[in-house]
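See below for work25.pdb, which holds PDB, C-alpha atoms and all ligand atoms.
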```pdb
ATOM      1  CA  MET A  29       0.000   0.000   0.000  1.00  0.00           C
ATOM      2  CA  GLU A  30       1.005   3.577  -0.524  1.00  0.00           C
ATOM      3  CA  PHE A  31       1.967   5.259   2.764  1.00  0.00           C
ATOM      4  CA  MET A  32      -0.980   7.701   2.971  1.00  0.00           C
ATOM      5  CA  GLU A  33      -3.310   4.802   2.230  1.00  0.00           C
ATOM      6  CA  VAL A  34      -1.868   2.831   5.154  1.00  0.00           C
ATOM      7  CA  ILE A  35      -2.414   5.748   7.525  1.00  0.00           C
ATOM      8  CA  SER A  36      -5.947   6.368   6.329  1.00  0.00           C
ATOM      9  CA  LYS A  37      -6.979   2.698   6.296  1.00  0.00           C
ATOM     10  CA  ARG A  38      -5.858   1.884   9.854  1.00  0.00           C
ATOM     11  CA  ARG A  39      -8.737   1.305  12.270  1.00  0.00           C
ATOM     12  CA  ALA A  40      -9.173   0.075  15.799  1.00  0.00           C
ATOM     13  CA  ILE A  41     -10.170  -3.546  15.120  1.00  0.00           C
ATOM     14  CA  ARG A  42     -12.259  -5.306  17.760  1.00  0.00           C
ATOM     15  CA  LYS A  43     -13.089  -8.549  15.897  1.00  0.00           C
ATOM     16  CA  TYR A  44     -10.361 -10.944  14.788  1.00  0.00           C
ATOM     17  CA  LYS A  45     -10.116 -14.186  12.867  1.00  0.00           C
ATOM     18  CA  LYS A  46      -8.201 -16.851  14.735  1.00  0.00           C
ATOM     19  CA  ASP A  47      -5.835 -17.459  11.784  1.00  0.00           C
ATOM     20  CA  PRO A  48      -2.195 -17.433  12.882  1.00  0.00           C
ATOM     21  CA  ILE A  49       0.179 -14.737  11.667  1.00  0.00           C
ATOM     22  CA  PRO A  50       2.995 -16.185   9.518  1.00  0.00           C
ATOM     23  CA  ASP A  51       6.415 -15.901  11.169  1.00  0.00           C
ATOM     24  CA  VAL A  52       7.837 -14.022   8.203  1.00  0.00           C
ATOM     25  CA  ILE A  53       5.284 -11.250   8.785  1.00  0.00           C
ATOM     26  CA  LEU A  54       5.901 -11.190  12.530  1.00  0.00           C
ATOM     27  CA  GLN A  55       9.616 -10.792  11.793  1.00  0.00           C
ATOM     28  CA  LYS A  56       8.839  -7.739   9.656  1.00  0.00           C
ATOM     29  CA  LEU A  57       6.818  -6.231  12.501  1.00  0.00           C
ATOM     30  CA  PHE A  58       9.701  -6.862  14.936  1.00  0.00           C
ATOM     31  CA  TYR A  59      12.040  -5.077  12.548  1.00  0.00           C
ATOM     32  CA  THR A  60       9.818  -1.963  12.347  1.00  0.00           C
ATOM     33  CA  LEU A  61       9.974  -1.690  16.140  1.00  0.00           C
ATOM     34  CA  SER A  62      13.754  -1.667  15.951  1.00  0.00           C
ATOM     35  CA  LEU A  63      13.718   1.197  13.409  1.00  0.00           C
ATOM     36  CA  ALA A  64      11.866   3.667  15.634  1.00  0.00           C
ATOM     37  CA  PRO A  65      13.601   6.792  16.932  1.00  0.00           C
ATOM     38  CA  SER A  66      13.995   7.338  20.694  1.00  0.00           C
ATOM     39  CA  GLY A  67      15.512  10.012  22.914  1.00  0.00           C
ATOM     40  CA  ASN A  68      19.330   9.657  22.860  1.00  0.00           C
ATOM     41  CA  ASN A  69      18.700   6.493  20.875  1.00  0.00           C
ATOM     42  CA  ARG A  70      18.249   4.809  24.232  1.00  0.00           C
ATOM     43  CA  GLN A  71      15.572   2.375  23.025  1.00  0.00           C
ATOM     44  CA  PRO A  72      14.189   2.217  26.557  1.00  0.00           C
ATOM     45  CA  TYR A  73      11.654  -0.502  25.836  1.00  0.00           C
ATOM     46  CA  LYS A  74      11.012  -4.156  25.254  1.00  0.00           C
ATOM     47  CA  PHE A  75       8.125  -5.764  23.419  1.00  0.00           C
ATOM     48  CA  LEU A  76       6.617  -9.093  24.419  1.00  0.00           C
ATOM     49  CA  PHE A  77       4.648 -10.960  21.771  1.00  0.00           C
ATOM     50  CA  ILE A  78       2.254 -13.317  23.516  1.00  0.00           C
ATOM     51  CA  LYS A  79       1.225 -16.212  21.287  1.00  0.00           C
ATOM     52  CA  ASP A  80       0.621 -18.693  24.119  1.00  0.00           C
ATOM     53  CA  GLU A  81      -3.154 -19.149  24.395  1.00  0.00           C
ATOM     54  CA  LYS A  82      -3.169 -19.755  28.161  1.00  0.00           C
ATOM     55  CA  LEU A  83      -1.241 -16.574  28.829  1.00  0.00           C
ATOM     56  CA  ARG A  84      -3.436 -14.546  26.507  1.00  0.00           C
ATOM     57  CA  ARG A  85      -6.566 -15.848  28.237  1.00  0.00           C
ATOM     58  CA  GLU A  86      -5.127 -15.036  31.622  1.00  0.00           C
ATOM     59  CA  ILE A  87      -4.317 -11.475  30.546  1.00  0.00           C
ATOM     60  CA  VAL A  88      -7.832 -10.926  29.203  1.00  0.00           C
ATOM     61  CA  GLN A  89      -9.593 -12.592  32.156  1.00  0.00           C
ATOM     62  CA  ARG A  90      -7.575 -11.119  34.993  1.00  0.00           C
ATOM     63  CA  ALA A  91      -6.252  -7.818  33.689  1.00  0.00           C
ATOM     64  CA  CYS A  92      -8.235  -6.532  30.784  1.00  0.00           C
ATOM     65  CA  HIS A  93     -11.819  -7.818  30.568  1.00  0.00           C
ATOM     66  CA  GLN A  94     -12.134  -6.707  26.943  1.00  0.00           C
ATOM     67  CA  GLU A  95     -13.459  -9.882  25.371  1.00  0.00           C
ATOM     68  CA  PHE A  96     -12.498  -8.977  21.818  1.00  0.00           C
ATOM     69  CA  LEU A  97      -8.871  -9.620  22.683  1.00  0.00           C
ATOM     70  CA  TYR A  98      -9.520 -13.369  23.010  1.00  0.00           C
ATOM     71  CA  ASP A  99      -9.517 -14.106  19.304  1.00  0.00           C
ATOM     72  CA  ALA A 100      -6.421 -12.189  18.235  1.00  0.00           C
ATOM     73  CA  PRO A 101      -3.640 -14.787  17.807  1.00  0.00           C
ATOM     74  CA  VAL A 102      -1.018 -12.416  19.218  1.00  0.00           C
ATOM     75  CA  ILE A 103      -1.080  -9.785  21.951  1.00  0.00           C
ATOM     76  CA  MET A 104       1.882  -7.446  21.993  1.00  0.00           C
ATOM     77  CA  VAL A 105       2.717  -6.058  25.426  1.00  0.00           C
ATOM     78  CA  ALA A 106       4.911  -2.954  25.398  1.00  0.00           C
ATOM     79  CA  CYS A 107       7.205  -2.520  28.427  1.00  0.00           C
ATOM     80  CA  CYS A 108       9.445   0.464  29.061  1.00  0.00           C
ATOM     81  CA  GLU A 109      11.636   2.221  31.554  1.00  0.00           C
ATOM     82  CA  PRO A 110       9.763   4.626  33.851  1.00  0.00           C
ATOM     83  CA  GLY A 111       8.628   7.819  32.112  1.00  0.00           C
ATOM     84  CA  ARG A 112       9.480   6.566  28.613  1.00  0.00           C
ATOM     85  CA  SER A 113       6.030   5.766  27.297  1.00  0.00           C
ATOM     86  CA  PHE A 114       6.396   8.593  24.760  1.00  0.00           C
ATOM     87  CA  ASP A 115       9.312   6.854  23.027  1.00  0.00           C
ATOM     88  CA  THR A 116       7.431   3.590  23.286  1.00  0.00           C
ATOM     89  CA  ALA A 117       4.336   4.985  21.564  1.00  0.00           C
ATOM     90  CA  ILE A 118       6.451   5.985  18.563  1.00  0.00           C
ATOM     91  CA  ALA A 119       7.784   2.444  18.173  1.00  0.00           C
ATOM     92  CA  VAL A 120       4.344   0.947  18.687  1.00  0.00           C
ATOM     93  CA  ASP A 121       2.905   3.199  15.987  1.00  0.00           C
ATOM     94  CA  HIS A 122       5.560   1.865  13.590  1.00  0.00           C
ATOM     95  CA  LEU A 123       4.299  -1.630  14.348  1.00  0.00           C
ATOM     96  CA  VAL A 124       0.630  -0.676  14.053  1.00  0.00           C
ATOM     97  CA  LEU A 125       1.107   0.933  10.637  1.00  0.00           C
ATOM     98  CA  ALA A 126       3.318  -1.903   9.386  1.00  0.00           C
ATOM     99  CA  ALA A 127       0.659  -4.386  10.522  1.00  0.00           C
ATOM    100  CA  THR A 128      -1.994  -2.417   8.594  1.00  0.00           C
ATOM    101  CA  ASN A 129       0.220  -2.586   5.524  1.00  0.00           C
ATOM    102  CA  GLU A 130       0.280  -6.389   5.874  1.00  0.00           C
ATOM    103  CA  GLY A 131      -3.534  -6.585   6.023  1.00  0.00           C
ATOM    104  CA  LEU A 132      -3.490  -7.143   9.789  1.00  0.00           C
ATOM    105  CA  GLY A 133      -5.756  -5.473  12.332  1.00  0.00           C
ATOM    106  CA  THR A 134      -4.676  -3.957  15.630  1.00  0.00           C
ATOM    107  CA  CYS A 135      -6.172  -1.951  18.457  1.00  0.00           C
ATOM    108  CA  TRP A 136      -4.392   0.239  20.965  1.00  0.00           C
ATOM    109  CA  VAL A 137      -5.520  -1.007  24.383  1.00  0.00           C
ATOM    110  CA  GLY A 138      -4.689   1.254  27.282  1.00  0.00           C
ATOM    111  CA  TRP A 139      -7.403   0.218  29.683  1.00  0.00           C
ATOM    112  CA  PHE A 140      -6.103  -2.730  31.743  1.00  0.00           C
ATOM    113  CA  GLU A 141      -4.642  -3.504  35.159  1.00  0.00           C
ATOM    114  CA  ARG A 142      -0.941  -2.984  34.718  1.00  0.00           C
ATOM    115  CA  ASP A 143       0.188  -4.662  37.916  1.00  0.00           C
ATOM    116  CA  VAL A 144      -1.727  -7.819  37.051  1.00  0.00           C
ATOM    117  CA  VAL A 145      -0.180  -7.971  33.549  1.00  0.00           C
ATOM    118  CA  LYS A 146       3.261  -7.512  35.116  1.00  0.00           C
ATOM    119  CA  GLU A 147       2.615 -10.325  37.563  1.00  0.00           C
ATOM    120  CA  ILE A 148       1.305 -12.703  34.870  1.00  0.00           C
ATOM    121  CA  LEU A 149       4.288 -12.075  32.581  1.00  0.00           C
ATOM    122  CA  GLY A 150       6.978 -11.732  35.256  1.00  0.00           C
ATOM    123  CA  ILE A 151       7.851  -8.185  34.182  1.00  0.00           C
ATOM    124  CA  GLU A 152      10.241  -6.417  36.564  1.00  0.00           C
ATOM    125  CA  PRO A 153       8.300  -4.202  39.009  1.00  0.00           C
ATOM    126  CA  HIS A 154      10.081  -0.959  38.051  1.00  0.00           C
ATOM    127  CA  MET A 155       9.126  -1.303  34.371  1.00  0.00           C
ATOM    128  CA  GLU A 156       6.005   0.367  32.982  1.00  0.00           C
ATOM    129  CA  VAL A 157       3.487  -1.354  30.726  1.00  0.00           C
ATOM    130  CA  PRO A 158       1.884   1.507  28.803  1.00  0.00           C
ATOM    131  CA  ILE A 159      -0.063  -0.348  26.125  1.00  0.00           C
ATOM    132  CA  LEU A 160      -1.258  -3.698  24.762  1.00  0.00           C
ATOM    133  CA  ILE A 161      -1.822  -4.320  21.069  1.00  0.00           C
ATOM    134  CA  PRO A 162      -3.844  -7.316  19.857  1.00  0.00           C
ATOM    135  CA  ILE A 163      -2.716  -8.286  16.359  1.00  0.00           C
ATOM    136  CA  GLY A 164      -4.604 -10.523  13.947  1.00  0.00           C
ATOM    137  CA  TYR A 165      -6.509 -10.721  10.694  1.00  0.00           C
ATOM    138  CA  PRO A 166      -9.576  -8.461  10.942  1.00  0.00           C
ATOM    139  CA  ASP A 167     -13.056  -9.968  10.993  1.00  0.00           C
ATOM    140  CA  GLU A 168     -14.731  -6.592  10.560  1.00  0.00           C
ATOM    141  CA  SER A 169     -14.121  -3.500   8.456  1.00  0.00           C
ATOM    142  CA  PRO A 170     -15.296  -0.497  10.439  1.00  0.00           C
ATOM    143  CA  SER A 171     -15.784   2.845   8.746  1.00  0.00           C
ATOM    144  CA  ALA A 172     -13.500   5.707   9.612  1.00  0.00           C
ATOM    145  CA  ARG A 173     -14.342   7.169  13.016  1.00  0.00           C
ATOM    146  CA  PRO A 174     -14.995  10.914  13.167  1.00  0.00           C
ATOM    147  CA  ARG A 175     -12.157  13.330  13.698  1.00  0.00           C
ATOM    148  CA  LYS A 176     -11.965  16.988  14.662  1.00  0.00           C
ATOM    149  CA  SER A 177     -11.639  19.296  11.702  1.00  0.00           C
ATOM    150  CA  LEU A 178      -8.190  20.524  10.734  1.00  0.00           C
ATOM    151  CA  ASP A 179      -9.307  24.001  11.834  1.00  0.00           C
ATOM    152  CA  GLU A 180      -9.849  22.698  15.374  1.00  0.00           C
ATOM    153  CA  LEU A 181      -6.633  20.686  15.423  1.00  0.00           C
ATOM    154  CA  ILE A 182      -4.124  22.928  13.765  1.00  0.00           C
ATOM    155  CA  GLU A 183      -3.015  26.509  14.012  1.00  0.00           C
ATOM    156  CA  VAL A 184      -0.364  27.858  11.701  1.00  0.00           C
ATOM    157  CA  ILE A 185       1.203  30.971  13.217  1.00  0.00           C
TER
HETATM  158  C1  LIG B 201      -3.713   5.316  23.948  1.00  0.00           C
HETATM  159  C2  LIG B 201      -4.947   4.604  23.453  1.00  0.00           C
HETATM  160  C3  LIG B 201      -5.642   3.761  24.301  1.00  0.00           C
HETATM  161  C4  LIG B 201      -6.762   3.058  23.838  1.00  0.00           C
HETATM  162  N1  LIG B 201      -7.361   2.147  24.670  1.00  0.00           N
HETATM  163  C5  LIG B 201      -8.392   1.400  24.193  1.00  0.00           C
HETATM  164  C6  LIG B 201      -8.954   0.365  24.992  1.00  0.00           C
HETATM  165  O1  LIG B 201      -8.536   0.105  26.129  1.00  0.00           O
HETATM  166  N2  LIG B 201      -9.958  -0.374  24.439  1.00  0.00           N
HETATM  167  C7  LIG B 201     -10.429  -0.159  23.170  1.00  0.00           C
HETATM  168  O2  LIG B 201     -11.339  -0.883  22.735  1.00  0.00           O
HETATM  169  N3  LIG B 201      -9.900   0.819  22.375  1.00  0.00           N
HETATM  170  C8  LIG B 201      -8.899   1.599  22.859  1.00  0.00           C
HETATM  171  N4  LIG B 201      -8.319   2.552  22.048  1.00  0.00           N
HETATM  172  C9  LIG B 201      -8.786   2.729  20.659  1.00  0.00           C
HETATM  173  C10 LIG B 201      -9.555   4.040  20.440  1.00  0.00           C
HETATM  174  O3  LIG B 201     -10.831   3.923  21.026  1.00  0.00           O
HETATM  175  C11 LIG B 201      -9.634   4.308  18.936  1.00  0.00           C
HETATM  176  O4  LIG B 201      -8.336   4.445  18.420  1.00  0.00           O
HETATM  177  C12 LIG B 201     -10.453   5.567  18.624  1.00  0.00           C
HETATM  178  O5  LIG B 201     -11.801   5.391  18.975  1.00  0.00           O
HETATM  179  C13 LIG B 201     -10.390   5.986  17.167  1.00  0.00           C
HETATM  180  O6  LIG B 201     -10.780   4.929  16.315  1.00  0.00           O
HETATM  181  P1  LIG B 201      -9.796   4.425  15.149  1.00  0.00           P
HETATM  182  O7  LIG B 201      -8.533   3.920  15.844  1.00  0.00           O
HETATM  183  O8  LIG B 201     -10.528   3.316  14.443  1.00  0.00           O
HETATM  184  O9  LIG B 201      -9.505   5.581  14.274  1.00  0.00           O
HETATM  185  C14 LIG B 201      -7.217   3.262  22.508  1.00  0.00           C
HETATM  186  C15 LIG B 201      -6.500   4.121  21.649  1.00  0.00           C
HETATM  187  C16 LIG B 201      -5.376   4.768  22.099  1.00  0.00           C
HETATM  188  C17 LIG B 201      -4.588   5.622  21.137  1.00  0.00           C
END
```
Could you write out this file's structure as structure tokens?
Amino acid sequence: MEFMEVISKRRAIRKYKKDPIPDVILQKLFYTLSLAPSGNNRQPYKFLFIKDEKLRREIVQRACHQEFLYDAPVIMVACCEPGRSFDTAIAVDHLVLAATNEGLGTCWVGWFERDVVKEILGIEPHMEVPILIPIGYPDESPSARPRKSLDELIEVI
């Protein structure tokens, strides 16, 4: 896809097919994470890709309660050093757009119990877990959600 098409076609997907994601595509997604810029090039993050069904169920049941996450074959859990969720969001957006380009659906999920996710996955207590991203083939094609007008968003001075 052309780049502007990727950006305009991305949607929050909340219905997934259970089809697995081929490893070659996952490898591409991993690579896009590694290309992201970060302050002082510190790369203050780590990304866990949860394929294990038991672990995914546990995350949804105990920490998230958003049932649509069950069907996605992969949940990506972003972890970062304290106060570095800004850098992390940049890397995650690389992944989200690259996934869209591969015909995959994603959804940013920020509403979950972070301490429970950390306990389930054995993440060190000082690390932050800013976001989860389910990844899978979409089983819905939602229309574009409304946005503020450019006049509301942007001021050129
Ligand atoms: C930081 C962040 C956190 C979000 N958390 C959730 C969430 O916990 N659950 C959910 O269903 N969607 C969540 N979303 C998705 C938004 O609801 C969605 O992006 C927004 O409604 C716009 O729709 P679109 O992504 O299809 O353009 C989140 C999005 C962002 C950027």
Distance criterion (all atoms listed in the file): nearest to ligand LIG 201 (chain B) out of A:Leu63, A:Ile35, A:Leu83, A:Ala100 = A:Ile35
Would you list the contacts of segment 110-114 of chain A as a PDB file with C-alpha atoms, keeping the file's coordinate frame, taking every protein, DNA or RNA residue within 8 Å and counting all atoms listed in the file, but skipping same-chain residues closer than 5 positions in sequence?
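Written file, selection_5.pdb:
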```pdb
ATOM      1  CA  PRO A  72      14.189   2.217  26.557  1.00  0.00           C
ATOM      2  CA  TYR A  73      11.654  -0.502  25.836  1.00  0.00           C
ATOM      3  CA  HIS A 154      10.081  -0.959  38.051  1.00  0.00           C
ATOM      4  CA  MET A 155       9.126  -1.303  34.371  1.00  0.00           C
ATOM      5  CA  GLU A 156       6.005   0.367  32.982  1.00  0.00           C
ATOM      6  CA  PRO A 158       1.884   1.507  28.803  1.00  0.00           C
TER       7      PRO A 158
END
```
Test item: the PyMOL selection byres (((chain A and resi 123) around 9) and not hetatm) resolved as a ChimeraX atom specification = /A:56-61,118-122,124-128
Can you list what the PyMOL selection byres (((not hetatm)) within 6 of (chain B and resi 201)) grabs from this structure, as number ranges by chain?
-> A: 39-40, 135-139, 173
Between A:Asp115, A:Glu183, A:Asp80, A:Asp99, which is the closest to Lys43 of chain A once you count all atoms listed in the file?
->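 Using all atoms listed in the file, the shortest distance to Lys43 of chain A belongs to A:Asp99.
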For the structure provided, state which residues fall under the PyMOL selection byres (((chain A and resi 76) around 7) and not hetatm), and present them as a ChimeraX atom specification.
-> /A:74-75,77-78,104-106
Taking only C-alpha atoms into account, which of A:Gly131, A:Gly164, A:Gly67, A:Pro174 comes nearest Asp47 of chain A?
->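 Closest candidate: A:Gly164.
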Computed gap from atom CA of Thr116 of chain A to atom CA of Ala64 of chain A is 8.8 Å
What separates atom CA of Thr134 of chain A and atom CA of Ser171 of chain A is a distance of 14.7 Å
Could you list as a PyMOL selection string every residue that has an atom within 12 Å of (-11.2, -15.3, 11.0), using the file's coordinates and counting all atoms listed in the file?
-> chain A and resi 43-49+99-101+132-133+164-168
For the atom pair atom CA of Glu95 of chain A and atom CA of Ser36 of chain A, what is the interatomic distance in Å to one decimal place?
->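 Atom CA of Glu95 of chain A sits 26.1 Å away from atom CA of Ser36 of chain A.
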Which polymer residues have any atom within 8 Å of an atom of Val88 of chain A, counting all atoms listed in the file, with same-chain residues fewer than 5 positions away left out, as a VMD selection string?
-> chain A and resid 93 to 95 97 to 98
